Amino acid sequence: MKKVLYALLLSVLAASCGGTKKAQDAGEQKANPVAVTFNADSAYAFCEQQCQFGPRVMNSEAHELCGQWIARKFRSYGLEVVEQKATLRGYDGTPLQSTNIIASYKPGVAPRLLVCAHWDSRPWADNDPDEANHRKPVMAANDGASGVAVMLEAARLLPDSLGVGIDFVCFDAEDWGIPQWADAEDPGDTWALGAQHWAANPHCDPNTIRFGILLDMVGGQQARFYREGYSMQRAKKVVDKVWKAADVAGYSSYFLQEECGWVTDDHVPVNDVAGIPCIDIINHYPACEQSSFGPTWHTIHDDMEHIDRQTLKAVGQTLLQVLFTE
């Protein structure tokens with residue numbers, strides 16, 4: 001008899017809780033997709049135009065020319081651009097002429113949102129299946145250009161009416177981390193050099209920035225985006241916000257509810273040094289034997305042939321959903 005009563009009590013409680021949840025859901029305002037459409041063809045073209053300069057390796061002519069092009073594009077959309085220049089040091093002591101490109105929508109307006117990506121190319125394809133390619137530069141269509149391309153297209157679509165300011169920051173010198181073939185241990189701080197510099201020398205008061213979103217490798221074929229470890233620890237509410245926006249925008253199949261590993265990336269100094277809750281939207285391929293970052297990561301095959309417009313669209317439309325509803 002006790003078991004029956006206990007089961008009956010559970011049934012009553014479940015019905016009661018279910019009714020409360022339904023009442024709450026009914027009282028909530030359903031979020032709607034924003035009316036502005038992210039143009040994947042435009043983002044693809046922006047990605048391609050960066051690659052036409054060649055690999056944007058630090059201290060190269062291609063790097064310098066592409067940086068000037070990125071700054072001009074942001075200015076052409078009415079944003080105020082600041083080029084934060086610094087001489088940074090690579091893992092081997094190489095002086096790196098670095099430029100963080102900061103494009104501000106409504107500068108001086110608070111609160112602000114931060115959207116960022118790195119724009120430099122990996123100097124060495126040290127994860128390529130062919131060892132003969134390990135010292136060749138990476139074109140970085142996905143690992144670099146794709147994030148900048150999504151930001152440029154988002155900037156192109158911004159109206160004058162948003163109630164927040166937005167800073168698009170293109171971090172430099174992200175991919176100069178210790179190569180696999182080097183006879184040195186990787187302490188982790190040889191990566192994200194431009195972001196480390198910006199986080200210690202931000203262009204505006206970090207307290208005015210609500211949160212940040214880092215876009216890294218957001219154009220790959222068959223890409224999926226998991227909840228990254230540092231993001232969940234430092235900025236879980238932002239992860240929840242962005243993943244909900246993906247669902248509203250119709251791209252929940254790209255933004256999975258599962259968690260993945262911890263990635264040393266530009267968002268780490270943004271969180272730990274600048275104190276801005278920042279997440280990393282970064283592709284994750286759990287079944288890929290070559291790398292969990294995908295088959296083209298740090299190989300000579302990270303080129304335009306492996307960029308997917310639909311992946312750019314999924315990330316770009318999700319980003320617009322966030323920016324236009326803050």
# chains A, B, ... in the order shown; residues from 1 in each chain; ligands from 1
$ closest_atom_pairs --of "stretch 73-135 of chain A" --to "stretch 49-53 of chain A" --cutoff "12 Å" --atoms "only C-alpha atoms" --output "JSON lines"
{"residue": "A:Lys73", "atom": "CA", "partner": "A:Gln49", "partner_atom": "CA", "distance": 11.2}
{"residue": "A:Trp119", "atom": "CA", "partner": "A:Gln50", "partner_atom": "CA", "distance": 9.0}
{"residue": "A:Asp120", "atom": "CA", "partner": "A:Gln50", "partner_atom": "CA", "distance": 10.1}
{"residue": "A:Ser121", "atom": "CA", "partner": "A:Cys51", "partner_atom": "CA", "distance": 9.8}
$ residues_around --residues "stretch 104-111 of chain A" --least-positions-apart "3" --cutoff "7 Å" --atoms "only C-alpha atoms" --output "ChimeraX atom specification"
/A:79-81,164-168,208-210
$ closest_residue --among "A:Phe211, A:Trp262, A:Phe255, A:Phe293" --to "A:Cys278" --atoms "only C-alpha atoms"
A:Phe211
$ select_by_dssp --residues "stretch 2-240 of chain A" --states "strand (DSSP E)" --output "VMD selection string"
chain A and resid 80 to 89 95 to 105 112 to 118 165 to 171 209 to 216 225 to 227
$ closest_residue --among "A:Trp243, A:Tyr226, A:Trp297, A:Trp176" --to "A:Ala192" --atoms "only C-alpha atoms"
A:Trp176
$ atom_distance --atom1 "atom CA of A:Leu158" --atom2 "atom CA of A:Leu65"
25.6 Å
$ closest_residue --among "A:Pro202, A:Pro129, A:Gly90, A:Gly294" --to "A:Glu174" --atoms "only C-alpha atoms"
A:Gly90
$ residues_around --residues "A:Tyr77" --least-positions-apart "6" --cutoff "9 Å" --atoms "only C-alpha atoms" --output "ChimeraX atom specification"
/A:152,155-158
$ write_last_selection --atoms "N, CA, C and O atoms" --output "JSON list (two decimals), in the first residue's frame"
[["chain", "number", "residue", "atom", "x", "y", "z"],
["A", 152, "LEU", "N", 32.69, 40.99, -40.77],
["A", 152, "LEU", "CA", 32.51, 42.01, -41.81],
["A", 152, "LEU", "C", 31.08, 42.02, -42.33],
["A", 152, "LEU", "O", 30.48, 43.10, -42.52],
["A", 155, "ALA", "N", 28.86, 43.55, -39.71],
["A", 155, "ALA", "CA", 29.05, 45.01, -39.68],
["A", 155, "ALA", "C", 28.32, 45.67, -40.85],
["A", 155, "ALA", "O", 27.75, 46.76, -40.71],
["A", 156, "ARG", "N", 28.35, 45.04, -42.01],
["A", 156, "ARG", "CA", 27.68, 45.59, -43.20],
["A", 156, "ARG", "C", 26.18, 45.73, -42.99],
["A", 156, "ARG", "O", 25.54, 46.64, -43.54],
["A", 157, "LEU", "N", 25.61, 44.87, -42.16],
["A", 157, "LEU", "CA", 24.16, 44.81, -41.98],
["A", 157, "LEU", "C", 23.65, 45.62, -40.80],
["A", 157, "LEU", "O", 22.44, 45.70, -40.58],
["A", 158, "LEU", "N", 24.55, 46.25, -40.04],
["A", 158, "LEU", "CA", 24.10, 46.96, -38.84],
["A", 158, "LEU", "C", 23.28, 48.20, -39.21],
["A", 158, "LEU", "O", 23.72, 49.02, -40.02]]
$ atom_distance --atom1 "atom CA of A:Lys85" --atom2 "atom CA of A:Ile101"
8.7 Å
$ residues_around --residues "A:Met139" --least-positions-apart "2" --cutoff "6 Å" --atoms "only C-alpha atoms" --output "VMD selection string"
chain A and resid 55 141 302 to 303
$ select_by_dssp --residues "stretch 33-154 of chain A" --states "helix (DSSP H, G or I)" --output "number ranges by chain"
A: 40-51, 61-76, 131-133, 141-154
$ atom_distance --atom1 "atom CA of A:Gln290" --atom2 "atom CA of A:Arg56"
23.9 Å
$ closest_residue --among "A:Glu61, A:Asp265, A:Asp172, A:Asp240" --to "A:Glu83" --atoms "only C-alpha atoms"
A:Asp172
$ closest_residue --among "A:Cys170, A:Val150, A:Ala132, A:Leu113" --to "A:Gln68" --atoms "only C-alpha atoms"
A:Cys170
$ closest_residue --among "A:Thr264, A:Thr325, A:Thr94, A:Asn32" --to "A:Ile282" --atoms "only C-alpha atoms"
A:Thr264
